[in-house]
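Undergrad: What follows is the file target.tsv, containing TSV, C-alpha atoms and all ligand atoms:
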```
chain	number	residue	atom	x	y	z
J	1	MET	CA	38.44	-110.33	137.53
J	2	LEU	CA	36.41	-110.98	134.43
J	3	LEU	CA	37.43	-111.32	130.85
J	4	SER	CA	34.31	-111.85	128.85
J	5	ALA	CA	35.10	-110.59	125.39
J	6	ARG	CA	37.93	-111.88	123.33
J	7	ARG	CA	39.62	-109.34	121.22
J	8	CYS	CA	39.53	-111.17	117.95
J	9	MET	CA	37.38	-113.97	116.65
J	10	VAL	CA	38.11	-117.44	117.91
J	11	SER	CA	36.82	-120.64	116.46
J	12	LEU	CA	35.27	-123.04	118.92
J	13	PHE	CA	35.76	-126.73	118.52
J	14	ILE	CA	34.02	-129.72	119.91
J	15	PHE	CA	36.17	-130.44	122.87
J	16	ALA	CA	37.54	-133.59	124.37
J	17	LEU	CA	38.61	-132.80	127.88
J	18	GLN	CA	41.59	-134.17	129.69
J	19	THR	CA	40.09	-133.77	133.07
J	20	SER	CA	39.94	-135.08	136.52
J	21	GLN	CA	37.22	-134.10	138.90
J	22	ILE	CA	37.25	-132.23	142.13
J	23	THR	CA	35.34	-134.29	144.59
J	24	ALA	CA	35.00	-132.16	147.65
J	25	VAL	CA	31.54	-130.73	147.73
J	26	PRO	CA	29.43	-130.94	150.83
J	27	GLU	CA	26.18	-132.70	150.23
J	28	GLN	CA	23.06	-131.18	151.75
J	29	GLY	CA	23.18	-131.85	155.46
J	30	LYS	CA	26.57	-133.53	155.24
J	31	GLU	CA	29.42	-131.14	155.48
J	32	ASN	CA	32.10	-133.34	154.04
J	33	ALA	CA	30.40	-135.48	151.44
J	34	LEU	CA	32.52	-135.63	148.30
J	35	LEU	CA	30.72	-135.09	145.05
J	36	PRO	CA	31.90	-134.20	141.57
J	37	THR	CA	31.25	-130.70	140.36
J	38	TRP	CA	34.14	-129.36	138.35
J	39	ASN	CA	36.10	-130.53	135.37
J	40	ILE	CA	39.69	-129.83	136.23
J	41	VAL	CA	42.08	-129.20	133.44
J	42	GLY	CA	45.52	-130.70	133.76
J	43	GLY	CA	46.28	-132.70	136.84
J	44	ASN	CA	49.72	-133.93	135.88
J	45	GLY	CA	51.82	-131.34	137.61
J	46	GLY	CA	53.00	-130.49	141.05
J	47	ARG	CA	52.43	-127.53	143.29
J	48	ASN	CA	54.84	-125.26	141.48
J	49	THR	CA	53.74	-126.06	137.97
J	50	GLY	CA	50.32	-124.57	138.55
J	51	ASN	CA	48.49	-127.64	137.37
J	52	CYS	CA	45.57	-128.64	139.53
J	53	ALA	CA	47.35	-131.38	141.42
J	54	GLY	CA	48.89	-132.14	144.75
J	55	ASN	CA	48.62	-129.32	147.27
J	56	ASP	CA	46.88	-127.07	144.76
J	57	LEU	CA	44.14	-129.62	144.36
J	58	GLN	CA	43.82	-129.98	148.12
J	59	ALA	CA	43.60	-126.22	148.57
J	60	LEU	CA	40.95	-125.96	145.88
J	61	GLN	CA	38.93	-128.82	147.32
J	62	GLY	CA	38.96	-127.31	150.78
J	63	SER	CA	38.10	-123.85	149.55
J	64	TRP	CA	35.28	-125.13	147.36
J	65	GLU	CA	33.80	-126.86	150.40
J	66	GLU	CA	34.01	-123.55	152.24
J	67	ALA	CA	32.48	-121.65	149.33
J	68	CYS	CA	29.57	-124.10	149.43
J	69	LEU	CA	29.19	-123.69	153.17
J	70	MET	CA	29.26	-119.90	152.83
J	71	ALA	CA	26.65	-119.93	150.05
J	72	ARG	CA	24.46	-122.31	152.03
J	73	LYS	CA	24.71	-120.20	155.18
J	74	ALA	CA	23.96	-116.97	153.30
J	75	ASN	CA	20.97	-118.62	151.65
J	76	ALA	CA	19.67	-119.96	154.96
J	77	ASP	CA	20.15	-116.63	156.73
J	78	LEU	CA	18.37	-114.70	153.98
J	79	SER	CA	15.49	-117.21	154.04
J	80	TRP	CA	15.21	-116.76	157.79
J	81	LEU	CA	15.27	-112.97	157.41
J	82	GLU	CA	12.51	-113.04	154.81
J	83	ALA	CA	10.32	-115.47	156.77
J	84	THR	CA	10.73	-113.36	159.90
J	85	ALA	CA	10.02	-110.16	157.98
J	86	ILE	CA	6.82	-111.69	156.55
J	87	ASN	CA	5.71	-112.93	159.99
J	88	THR	CA	6.32	-109.58	161.63
J	89	ARG	CA	4.94	-107.40	158.82
J	90	GLY	CA	8.44	-106.10	158.11
J	91	ILE	CA	9.05	-104.91	161.66
J	92	GLY	CA	11.14	-107.76	163.01
J	93	PRO	CA	11.24	-109.34	166.49
J	94	ALA	CA	10.58	-106.99	169.38
J	95	ALA	CA	13.54	-104.95	170.56
J	96	PRO	CA	14.43	-105.41	174.24
J	97	GLU	CA	12.71	-103.02	176.60
J	98	GLY	CA	14.78	-100.98	178.98
J	99	LYS	CA	17.74	-102.95	180.24
J	100	LYS	CA	16.32	-106.36	179.41
J	101	LYS	CA	18.46	-108.81	177.47
J	102	SER	CA	17.77	-109.06	173.74
J	103	SER	CA	16.01	-112.18	172.51
J	104	ASP	CA	18.00	-114.55	170.32
J	105	ASP	CA	15.64	-113.76	167.44
J	106	TYR	CA	16.22	-110.05	167.82
J	107	ILE	CA	20.01	-110.50	167.85
J	108	GLU	CA	19.81	-112.73	164.78
J	109	TRP	CA	17.51	-110.27	162.98
J	110	ARG	CA	19.88	-107.37	163.61
J	111	ARG	CA	22.95	-109.42	162.64
J	112	ILE	CA	21.55	-110.42	159.25
J	113	LEU	CA	19.61	-107.28	158.36
J	114	ASP	CA	22.29	-104.80	159.44
J	115	THR	CA	25.01	-106.77	157.66
J	116	TYR	CA	22.86	-106.85	154.54
J	117	ILE	CA	22.50	-103.08	154.69
J	118	ALA	CA	26.26	-102.68	155.28
J	119	PHE	CA	27.08	-104.65	152.13
J	120	PHE	CA	24.14	-103.69	149.89
J	121	GLY	CA	22.98	-100.32	151.19
J	122	GLU	CA	19.27	-101.09	151.47
J	123	ILE	CA	16.63	-103.00	153.39
J	124	PRO	CA	15.97	-105.86	150.98
J	125	PHE	CA	12.31	-106.58	151.72
J	126	ASN	CA	9.05	-104.70	151.07
J	127	GLN	CA	7.84	-102.58	153.93
J	128	GLN	CA	4.41	-101.33	154.88
J	129	GLY	CA	3.71	-98.05	153.20
J	130	ASP	CA	6.14	-98.65	150.30
J	131	ALA	CA	4.62	-97.28	147.13
J	132	GLY	CA	3.04	-99.99	145.02
J	133	VAL	CA	3.49	-102.77	147.57
J	134	ALA	CA	0.45	-104.96	148.08
J	135	ASN	CA	-0.41	-105.93	151.64
J	136	VAL	CA	0.36	-109.57	150.94
J	137	ASP	CA	3.90	-108.73	149.83
J	138	VAL	CA	5.01	-106.94	152.98
J	139	GLY	CA	8.18	-108.64	154.24
J	140	ARG	CA	8.95	-110.37	150.93
J	141	LEU	CA	12.34	-109.74	149.37
J	142	LYS	CA	12.21	-107.14	146.64
J	143	HIS	CA	12.69	-108.61	143.22
J	144	GLU	CA	15.96	-106.80	142.51
J	145	HIS	CA	17.46	-108.12	145.74
J	146	SER	CA	16.25	-111.71	145.50
J	147	GLN	CA	17.37	-111.86	141.89
J	148	ALA	CA	20.86	-110.43	142.47
J	149	VAL	CA	21.76	-111.91	145.84
J	150	GLU	CA	19.50	-114.68	147.15
J	151	ASP	CA	19.14	-116.44	143.78
J	152	PHE	CA	22.90	-116.56	143.39
J	153	PHE	CA	23.41	-118.38	146.69
J	154	ARG	CA	20.45	-120.67	146.03
J	155	ASP	CA	21.76	-121.57	142.57
J	156	ILE	CA	25.20	-122.42	143.90
J	157	GLU	CA	23.76	-124.52	146.67
J	158	ARG	CA	21.27	-126.28	144.44
J	159	ASP	CA	23.26	-126.70	141.25
J	160	PHE	CA	26.83	-127.02	142.42
J	161	CYS	CA	26.96	-128.08	146.04
J	162	GLN	CA	24.56	-130.93	146.51
J	163	SER	CA	23.84	-132.78	143.31
J	164	ALA	CA	25.57	-136.07	142.65
J	165	SER	CA	25.47	-135.43	138.94
J	166	SER	CA	28.72	-134.66	137.20
J	167	SER	CA	30.03	-131.25	136.28
J	168	ARG	CA	27.92	-129.01	134.14
J	169	GLY	CA	30.68	-128.33	131.71
J	170	LYS	CA	32.40	-125.85	134.00
J	171	LEU	CA	36.16	-125.90	133.77
J	172	LEU	CA	38.66	-125.20	136.49
J	173	VAL	CA	42.12	-124.34	135.18
J	174	CYS	CA	45.11	-123.81	137.44
J	175	THR	CA	47.49	-121.93	135.21
J	176	ASP	CA	47.79	-119.96	131.99
J	177	GLU	CA	51.54	-120.45	131.80
J	178	THR	CA	51.26	-123.18	129.19
J	179	TYR	CA	50.34	-120.59	126.56
J	180	ARG	CA	53.03	-119.30	124.24
J	181	PHE	CA	52.60	-116.51	121.75
J	182	ILE	CA	52.64	-117.63	118.11
J	183	LYS	CA	53.78	-114.67	116.02
J	184	ASN	CA	52.64	-113.83	112.53
J	185	GLY	CA	54.71	-115.87	110.10
J	186	GLU	CA	54.96	-118.92	112.41
J	187	ILE	CA	53.09	-122.14	111.68
J	188	ASP	CA	49.90	-122.62	113.68
J	189	PRO	CA	50.89	-125.66	115.81
J	190	GLY	CA	47.28	-126.74	116.06
J	191	ASP	CA	46.53	-126.66	112.36
J	192	ALA	CA	46.56	-130.03	110.62
J	193	GLN	CA	47.25	-128.35	107.29
J	194	GLY	CA	50.33	-126.57	108.61
J	195	ARG	CA	49.19	-123.07	107.75
J	196	LYS	CA	50.60	-119.93	109.25
J	197	ILE	CA	48.92	-118.41	112.28
J	198	GLU	CA	47.73	-115.34	110.39
J	199	GLU	CA	46.00	-117.64	107.91
J	200	THR	CA	44.13	-119.60	110.56
J	201	HIS	CA	43.42	-116.48	112.67
J	202	PRO	CA	43.25	-113.63	110.16
J	203	ASN	CA	41.41	-111.39	112.61
J	204	CYS	CA	44.41	-111.40	114.92
J	205	GLU	CA	46.99	-110.47	112.33
J	206	GLY	CA	46.81	-106.86	113.42
J	207	GLN	CA	48.03	-107.64	116.95
J	208	GLY	CA	50.92	-109.74	115.70
J	209	GLY	CA	49.78	-113.22	116.58
J	210	VAL	CA	47.80	-115.51	118.88
J	211	TRP	CA	48.44	-117.35	122.17
J	212	TYR	CA	48.41	-121.13	121.92
J	213	SER	CA	48.48	-123.90	124.51
J	214	PRO	CA	48.53	-127.54	123.39
J	215	ASP	CA	47.83	-128.65	126.97
J	216	LEU	CA	44.41	-127.11	127.28
J	217	PRO	CA	41.04	-128.35	126.00
J	218	GLU	CA	40.13	-127.27	122.49
J	219	ARG	CA	37.91	-124.46	123.57
J	220	LEU	CA	40.76	-122.88	125.53
J	221	ARG	CA	43.62	-123.79	123.20
J	222	TYR	CA	43.83	-120.40	121.51
J	223	SER	CA	43.67	-117.13	123.41
J	224	GLU	CA	43.40	-113.92	121.53
J	225	GLU	CA	44.50	-111.65	124.33
J	226	PRO	CA	47.13	-109.01	123.49
J	227	PRO	CA	50.75	-110.13	122.97
J	228	PRO	CA	53.29	-110.28	125.80
J	229	GLY	CA	54.32	-106.84	126.92
J	230	GLU	CA	53.96	-104.54	129.86
J	231	SER	CA	51.34	-106.71	131.46
J	232	GLY	CA	53.65	-109.70	131.67
J	233	THR	CA	54.40	-112.80	129.70
J	234	ARG	CA	51.05	-114.50	130.10
J	235	PRO	CA	47.82	-113.89	128.25
J	236	LEU	CA	45.39	-114.05	131.16
J	237	CYS	CA	46.96	-113.87	134.61
J	238	ASN	CA	48.23	-110.35	134.64
J	239	SER	CA	50.99	-109.78	137.14
J	240	ARG	CA	50.61	-106.00	137.02
J	241	ASP	CA	47.05	-106.27	138.24
J	242	ASP	CA	47.80	-108.88	140.89
J	243	ASP	CA	45.27	-111.25	139.39
J	244	MET	CA	44.34	-114.10	141.67
J	245	ALA	CA	41.81	-115.68	139.35
J	246	LEU	CA	39.68	-114.83	136.36
J	247	THR	CA	36.64	-116.05	134.55
J	248	LEU	CA	36.12	-116.64	130.86
J	249	ARG	CA	32.37	-116.81	130.74
J	250	ASN	CA	32.10	-117.52	127.03
J	251	VAL	CA	33.94	-120.81	127.50
J	252	ASN	CA	32.62	-121.58	131.00
J	253	ALA	CA	36.01	-121.52	132.64
J	254	ILE	CA	37.57	-120.21	135.84
J	255	PHE	CA	41.35	-119.82	135.83
J	256	PHE	CA	43.32	-119.65	139.04
J	257	CYS	CA	46.55	-117.68	138.76
J	258	PRO	CA	49.99	-118.20	140.32
J	259	LEU	CA	49.31	-115.53	142.95
J	260	ALA	CA	46.46	-117.62	144.31
J	261	LEU	CA	48.24	-120.96	144.06
J	262	ASP	CA	51.78	-119.87	144.80
J	263	SER	CA	53.81	-122.13	147.03
J	264	THR	CA	55.47	-119.13	148.64
J	265	GLN	CA	52.31	-117.55	149.95
J	266	THR	CA	49.67	-120.02	150.94
J	267	LEU	CA	46.31	-118.36	151.25
J	268	PRO	CA	44.49	-119.14	154.45
J	269	THR	CA	41.25	-121.03	154.37
J	270	ALA	CA	38.31	-119.26	155.94
J	271	ASN	CA	38.52	-121.69	158.82
J	272	ASN	CA	42.22	-120.88	159.28
J	273	LEU	CA	41.14	-117.28	159.41
J	274	ARG	CA	38.56	-118.04	162.06
J	275	THR	CA	41.28	-118.39	164.63
J	276	GLN	CA	43.00	-115.19	163.44
J	277	ILE	CA	40.04	-112.85	163.37
J	278	LYS	CA	39.86	-110.71	166.41
J	279	SER	CA	36.71	-108.76	166.49
J	280	ARG	CA	36.86	-105.11	167.26
J	281	SER	CA	35.15	-104.10	170.41
J	282	ARG	CA	31.84	-102.44	169.70
J	283	TRP	CA	31.97	-98.72	169.10
J	284	ARG	CA	29.17	-97.20	171.02
J	285	LYS	CA	29.46	-93.57	170.17
J	286	LYS	CA	26.91	-92.62	167.58
J	287	ASP	CA	27.13	-90.04	164.82
J	288	VAL	CA	30.66	-91.00	163.86
J	289	ASN	CA	31.49	-91.90	160.31
J	290	LYS	CA	31.91	-95.65	160.02
J	291	ASP	CA	35.23	-95.40	158.18
J	292	GLU	CA	36.57	-93.11	160.87
J	293	ILE	CA	35.59	-95.70	163.43
J	294	ALA	CA	37.27	-98.42	161.41
J	295	GLN	CA	40.44	-96.36	161.23
J	296	LYS	CA	40.39	-95.57	164.94
J	297	LEU	CA	39.99	-99.21	165.78
J	298	LEU	CA	42.76	-100.18	163.40
J	299	ASN	CA	45.00	-97.60	165.02
J	300	ARG	CA	44.57	-99.45	168.27
J	301	GLY	CA	46.31	-102.35	166.60
J	302	ILE	CA	43.42	-104.75	166.82
J	303	GLY	CA	43.79	-107.58	164.34
J	304	THR	CA	40.97	-108.09	161.88
J	305	VAL	CA	40.42	-109.53	158.44
J	306	GLU	CA	41.49	-106.18	157.00
J	307	ASP	CA	44.97	-104.79	156.81
J	308	PRO	CA	45.46	-101.07	157.60
J	309	LEU	CA	44.78	-100.18	153.96
J	310	GLY	CA	41.44	-101.87	154.12
J	311	ASN	CA	42.43	-104.80	151.96
J	312	ALA	CA	40.76	-107.94	153.14
J	313	LYS	CA	42.89	-110.99	153.65
J	314	GLU	CA	42.37	-113.13	150.60
J	315	THR	CA	40.95	-116.59	150.90
J	316	LEU	CA	40.45	-119.01	148.04
J	317	SER	CA	36.84	-119.58	149.07
J	318	VAL	CA	35.97	-115.89	148.69
J	319	ILE	CA	37.85	-115.81	145.37
J	320	PHE	CA	35.81	-118.83	144.27
J	321	LEU	CA	32.52	-117.08	145.12
J	322	HIS	CA	33.70	-113.88	143.43
J	323	GLU	CA	34.48	-115.75	140.21
J	324	MET	CA	31.17	-117.63	140.40
J	325	LEU	CA	29.41	-114.25	140.26
J	326	HIS	CA	31.16	-113.62	136.96
J	327	LEU	CA	30.48	-117.12	135.71
J	328	LEU	CA	26.81	-117.50	136.66
J	329	LYS	CA	25.58	-113.93	136.67
J	330	GLY	CA	27.87	-112.25	134.17
J	331	ALA	CA	28.59	-109.70	136.89
J	332	ILE	CA	31.30	-107.12	136.31
J	333	ASP	CA	33.67	-105.65	138.88
J	334	ASN	CA	32.27	-102.17	139.33
J	335	GLN	CA	34.27	-99.02	139.56
J	336	ALA	CA	35.01	-98.15	143.18
J	337	VAL	CA	33.74	-94.95	144.77
J	338	ASP	CA	35.44	-93.07	147.57
J	339	ILE	CA	33.93	-92.23	150.93
J	340	ASN	CA	32.04	-89.31	149.37
J	341	GLY	CA	30.76	-91.35	146.47
J	342	ASN	CA	33.14	-90.04	143.83
J	343	PRO	CA	34.23	-92.59	141.22
J	344	MET	CA	37.86	-93.63	141.78
J	345	ASN	CA	40.58	-93.97	139.19
J	346	ASP	CA	43.96	-95.59	139.47
J	347	GLY	CA	46.20	-92.64	138.73
J	348	VAL	CA	49.35	-94.70	138.46
J	349	GLU	CA	48.98	-96.35	135.11
J	350	THR	CA	46.80	-94.09	133.05
J	351	ALA	CA	44.70	-91.16	134.01
J	352	PHE	CA	41.38	-92.89	133.55
J	353	ARG	CA	41.93	-96.46	134.59
J	354	ALA	CA	39.07	-97.25	136.90
J	355	THR	CA	39.81	-98.60	140.36
J	356	LYS	CA	37.79	-101.78	140.82
J	357	ALA	CA	35.54	-102.21	143.82
J	358	TYR	CA	37.54	-105.00	145.48
J	359	GLY	CA	37.77	-105.50	149.22
J	360	LEU	CA	35.76	-104.52	152.23
J	361	VAL	CA	36.33	-100.75	152.19
J	362	HIS	CA	35.24	-100.45	148.57
J	363	ALA	CA	32.32	-102.79	149.23
J	364	ARG	CA	31.14	-100.55	152.08
J	365	ASN	CA	31.47	-97.35	150.09
J	366	LEU	CA	29.72	-98.81	147.07
J	367	ALA	CA	26.87	-99.97	149.31
J	368	THR	CA	26.55	-96.52	150.84
J	369	HIS	CA	26.51	-94.59	147.58
J	370	ARG	CA	25.48	-97.04	144.86
J	371	PRO	CA	23.23	-99.79	146.22
J	372	ASP	CA	22.12	-100.48	142.65
J	373	LEU	CA	25.70	-101.50	141.82
J	374	ALA	CA	26.63	-103.00	145.19
J	375	ARG	CA	24.17	-105.88	144.94
J	376	LYS	CA	25.68	-106.85	141.58
J	377	ASN	CA	29.32	-106.33	142.57
J	378	PRO	CA	31.15	-109.65	143.04
J	379	ASP	CA	33.11	-108.68	146.16
J	380	ASN	CA	30.02	-107.27	147.89
J	381	VAL	CA	28.15	-110.53	147.38
J	382	ALA	CA	31.14	-112.76	148.19
J	383	TYR	CA	32.01	-110.87	151.38
J	384	PHE	CA	28.38	-110.88	152.50
J	385	ALA	CA	28.53	-114.70	152.41
J	386	PHE	CA	31.86	-114.56	154.24
J	387	ALA	CA	30.23	-112.41	156.94
J	388	MET	CA	27.27	-114.77	157.28
J	389	PHE	CA	29.70	-117.71	157.59
J	390	PHE	CA	31.36	-116.03	160.57
J	391	ASP	CA	28.11	-115.67	162.45
J	392	GLU	CA	29.85	-115.51	165.79
J	393	LEU	CA	30.74	-111.95	164.81
J	394	ASP	CA	28.70	-108.84	164.07
J	395	TRP	CA	29.41	-107.43	160.60
J	396	SER	CA	26.74	-104.76	160.71
J	397	ARG	CA	29.24	-102.02	159.93
J	398	GLY	CA	30.93	-104.01	157.19
J	399	TYR	CA	33.77	-105.26	159.38
J	400	ALA	CA	34.03	-107.73	162.23
J	401	MET	CA	32.86	-106.65	165.69
J	402	SER	CA	31.90	-108.69	168.70
J	403	LYS	CA	28.19	-109.45	168.76
J	404	ARG	CA	25.71	-107.30	170.59
J	405	SER	CA	24.33	-108.70	173.81
J	501	ZN	ZN	36.31	-110.03	139.31
```
For this file, produce the structure as structure tokens.
Ligand SMILES: [Zn+2]

TA:
Amino acid sequence: MLLSARRCMVSLFIFALQTSQITAVPEQGKENALLPTWNIVGGNGGRNTGNCAGNDLQALQGSWEEACLMARKANADLSWLEATAINTRGIGPAAPEGKKKSSDDYIEWRRILDTYIAFFGEIPFNQQGDAGVANVDVGRLKHEHSQAVEDFFRDIERDFCQSASSSRGKLLVCTDETYRFIKNGEIDPGDAQGRKIEETHPNCEGQGGVWYSPDLPERLRYSEEPPPGESGTRPLCNSRDDDMALTLRNVNAIFFCPLALDSTQTLPTANNLRTQIKSRSRWRKKDVNKDEIAQKLLNRGIGTVEDPLGNAKETLSVIFLHEMLHLLKGAIDNQAVDINGNPMNDGVETAFRATKAYGLVHARNLATHRPDLARKNPDNVAYFAFAMFFDELDWSRGYAMSKRS
């Protein structure tokens, strides 16, 4: 989820952060080196308070390590794909002849390229005969693909997962429950002159007041989200929408919500999931719609990372990558399309509330019908990295299958 625009003007202050630092970032070549990357807000609470402490901190450390490993693996696999495409003039390693066994290179080529197409809808590199492609550029990643996908993984790896330098001003916040809504007529608790809230935030008078949290850094202290109401009693983590996390790009902050850090439902790490994923057996019959196949396989009761509705099991590491797309790229969660490519709306709340393209089914459909949006959609990019991380499986249809032999 992304909240980029505040609804009324907010004044930004020079901030003095009460922070501790997360120290679990794998250094290049060392999977468990601990390096500082994030400024963590809070740190004085326990698991149930939502502050980044105790088990919450452990979960975030572990999942950030995994997010780094996923980004690094995706980056490495895309580099290999591009180098191989350049070396083979875009054709790839030779396919096995007759009943011969496939070469390792051929299996690897198909794993990466077919998964890329499943999540982004297109072959990412220039091919011979493409209009306007110079001979020397055959096999190179197309600009729109390297910019949207490869650069993202490279930036995370380079700027967040291997440098020993301290955080780049990015904040990690573990709750929004410290905000309370200051109504018009009440004194602004943060104003040294003791003025009323509508005097210090005149632009918010129309919505009845402003959210305020004395526990957060200055730049997060006021939130001008709508007042408590249908969407719950918090300004940011919206229980109606099942928010796990959200990004405020204008203040460089990622918030994790109670649903993601709730003591009653611990999210698995990707490595936990590794033992739970059972790949579907390969489906050999051709000319069958891929979603029909997915459904048929699900009907057999084979466990996968998707539930029968197509919702992927959530992991904090995928949520981290998803939010990083918002933070670094300013990506938005695109409107989902159905299997025929029609834009989807959530008919429950209001007639025209767009359904967001979250999860593997929506990622697949967006890739099929809107590759231009798929490569910029946070869940498509995050789940591609997830798929590369689980390289013992074949994700070429957008879900886990056993690898080809
Ligand atoms: Zn999002």

Undergrad: Which residue gives the smallest distance to ligand ZN 501 (chain J) among J:Glu97, J:Glu314, J:Asp394, J:Asp379, with only C-alpha atoms and all ligand atoms counted?

TA: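 Once distances to ligand ZN 501 (chain J) are computed over only C-alpha atoms and all ligand atoms, the minimum belongs to J:Asp379.
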
Undergrad: Using only C-alpha atoms, which of the listed residues (J:Tyr222, J:Phe181, J:Trp80, J:Phe152) sits closest to J:Thr200?

TA: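 Among the listed residues, the smallest separation from J:Thr200 belongs to J:Tyr222.
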
Undergrad: Have a look at atom CA of J:Asn272 and atom CA of J:Lys73 and let me know their distance in Å, one decimal.

TA: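 Spanning atom CA of J:Asn272 to atom CA of J:Lys73 is a straight-line distance of 18.0 Å.
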
Undergrad: So how far away is atom CA of J:Ala382 from atom CA of J:Ala354, in Å?

TA: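 One can read the atom CA of J:Ala354 to atom CA of J:Ala382 distance as 20.8 Å.
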
Undergrad: Taking only residues of chain J that have an atom at most 9 Å from an atom of ligand ZN 501 (chain J), what is each one's shortest atom pair and its distance in Å to one decimal, using only C-alpha atoms and all ligand atoms, in chain and number order, as JSON lines?

TA:
```
{"residue": "J:Met1", "atom": "CA", "partner": "J:ZN501", "partner_atom": "ZN", "distance": 2.8}
{"residue": "J:Leu2", "atom": "CA", "partner": "J:ZN501", "partner_atom": "ZN", "distance": 5.0}
{"residue": "J:Leu3", "atom": "CA", "partner": "J:ZN501", "partner_atom": "ZN", "distance": 8.6}
{"residue": "J:Ala245", "atom": "CA", "partner": "J:ZN501", "partner_atom": "ZN", "distance": 7.9}
{"residue": "J:Leu246", "atom": "CA", "partner": "J:ZN501", "partner_atom": "ZN", "distance": 6.6}
{"residue": "J:Thr247", "atom": "CA", "partner": "J:ZN501", "partner_atom": "ZN", "distance": 7.7}
{"residue": "J:Ile319", "atom": "CA", "partner": "J:ZN501", "partner_atom": "ZN", "distance": 8.5}
{"residue": "J:His322", "atom": "CA", "partner": "J:ZN501", "partner_atom": "ZN", "distance": 6.2}
{"residue": "J:Glu323", "atom": "CA", "partner": "J:ZN501", "partner_atom": "ZN", "distance": 6.1}
{"residue": "J:Leu325", "atom": "CA", "partner": "J:ZN501", "partner_atom": "ZN", "distance": 8.1}
{"residue": "J:His326", "atom": "CA", "partner": "J:ZN501", "partner_atom": "ZN", "distance": 6.7}
{"residue": "J:Ala331", "atom": "CA", "partner": "J:ZN501", "partner_atom": "ZN", "distance": 8.1}
{"residue": "J:Ile332", "atom": "CA", "partner": "J:ZN501", "partner_atom": "ZN", "distance": 6.5}
{"residue": "J:Asp333", "atom": "CA", "partner": "J:ZN501", "partner_atom": "ZN", "distance": 5.1}
{"residue": "J:Asn334", "atom": "CA", "partner": "J:ZN501", "partner_atom": "ZN", "distance": 8.8}
{"residue": "J:Lys356", "atom": "CA", "partner": "J:ZN501", "partner_atom": "ZN", "distance": 8.5}
{"residue": "J:Tyr358", "atom": "CA", "partner": "J:ZN501", "partner_atom": "ZN", "distance": 8.1}
{"residue": "J:Asn377", "atom": "CA", "partner": "J:ZN501", "partner_atom": "ZN", "distance": 8.6}
{"residue": "J:Pro378", "atom": "CA", "partner": "J:ZN501", "partner_atom": "ZN", "distance": 6.4}
{"residue": "J:Asp379", "atom": "CA", "partner": "J:ZN501", "partner_atom": "ZN", "distance": 7.7}
```

Undergrad: Excluding stretch 98-113 of chain J and its own-chain neighbours fewer than 3 positions away, which residues fall within 12 Å of it when counting all atoms listed in the file? Please give them as a count of residues only.

TA: 51

Undergrad: Counting only C-alpha atoms, what is within 9 Å of J:Pro343, bar same-chain residues fewer than 6 positions away, as a tab-separated table (two decimals) with C-alpha atoms, in the coordinates of the input?

TA:
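The new file out-v6.tsv reads:
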```tsv
chain	number	residue	atom	x	y	z
J	335	GLN	CA	34.27	-99.02	139.56
J	336	ALA	CA	35.01	-98.15	143.18
J	337	VAL	CA	33.74	-94.95	144.77
J	354	ALA	CA	39.07	-97.25	136.90
J	355	THR	CA	39.81	-98.60	140.36
```

Undergrad: So which residues touch J:Gln128 within 12 Å, counting all atoms listed in the file, skipping near sequence neighbours fewer than 4 positions away, as a ChimeraX atom specification?

TA: /J:85-86,88-91,132-140

Undergrad: Calculate how many Å separate atom CA of J:Lys329 from atom CA of J:Asp243, rounding to one decimal.

TA: 20.1 Å

Undergrad: Give as a list in words each residue that has an atom at most 8 Å from (27.7, -95.1, 149.6) in the file, counting all atoms listed in the file.

TA: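 Using all atoms listed in the file, the matching residues come out as Gly121, Val337, Ile339, Asn340, Gly341, Arg364, Asn365, Leu366, Ala367, Thr368, His369, Arg370 and Pro371 of chain J.
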
Undergrad: How would you write as a list in words the residues that get within 10 Å of (41.2, -116.8, 130.7) in the file's frame, counting all atoms listed in the file?

TA: Met1, Leu2, Leu3, Ser4, Arg6, Val173, Thr175, Asp176, Leu220, Ser223, Glu224, Glu225, Pro235, Leu236, Cys237, Ala245, Leu246, Thr247, Leu248, Arg249, Asn250, Val251, Asn252, Ala253, Ile254, Phe255, Phe256 and Cys257 of chain J

Undergrad: Give the answer as one residue: which of J:Leu373, J:Leu69, J:Cys161, J:Cys174 has the shortest atom-to-atom distance to J:Ala148, using only C-alpha atoms?

TA: J:Leu373

Undergrad: Using only C-alpha atoms, can you tell me which of J:Leu261, J:Val361, J:Ile40, J:Trp64 comes closest to J:Asp338?

TA: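 With only C-alpha atoms as the atom set, the closest residue is J:Val361.
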
Undergrad: Quick one: stretch 140-144 of chain J with N, CA and C atoms, as a PDB file, in the frame of the given file?

TA:
```pdb
ATOM      1  N   ARG J 140       8.288-109.576 151.983  1.00  0.00           N
ATOM      2  CA  ARG J 140       8.950-110.370 150.930  1.00  0.00           C
ATOM      3  C   ARG J 140      10.154-109.608 150.376  1.00  0.00           C
ATOM      4  N   LEU J 141      11.176-110.380 149.970  1.00  0.00           N
ATOM      5  CA  LEU J 141      12.340-109.740 149.370  1.00  0.00           C
ATOM      6  C   LEU J 141      11.915-109.037 148.078  1.00  0.00           C
ATOM      7  N   LYS J 142      12.453-107.852 147.892  1.00  0.00           N
ATOM      8  CA  LYS J 142      12.210-107.140 146.640  1.00  0.00           C
ATOM      9  C   LYS J 142      12.859-107.905 145.501  1.00  0.00           C
ATOM     10  N   HIS J 143      12.227-107.831 144.356  1.00  0.00           N
ATOM     11  CA  HIS J 143      12.690-108.610 143.220  1.00  0.00           C
ATOM     12  C   HIS J 143      14.171-108.365 142.909  1.00  0.00           C
ATOM     13  N   GLU J 144      14.573-107.090 142.910  1.00  0.00           N
ATOM     14  CA  GLU J 144      15.960-106.800 142.510  1.00  0.00           C
ATOM     15  C   GLU J 144      16.976-107.372 143.503  1.00  0.00           C
TER      16      GLU J 144
END
```
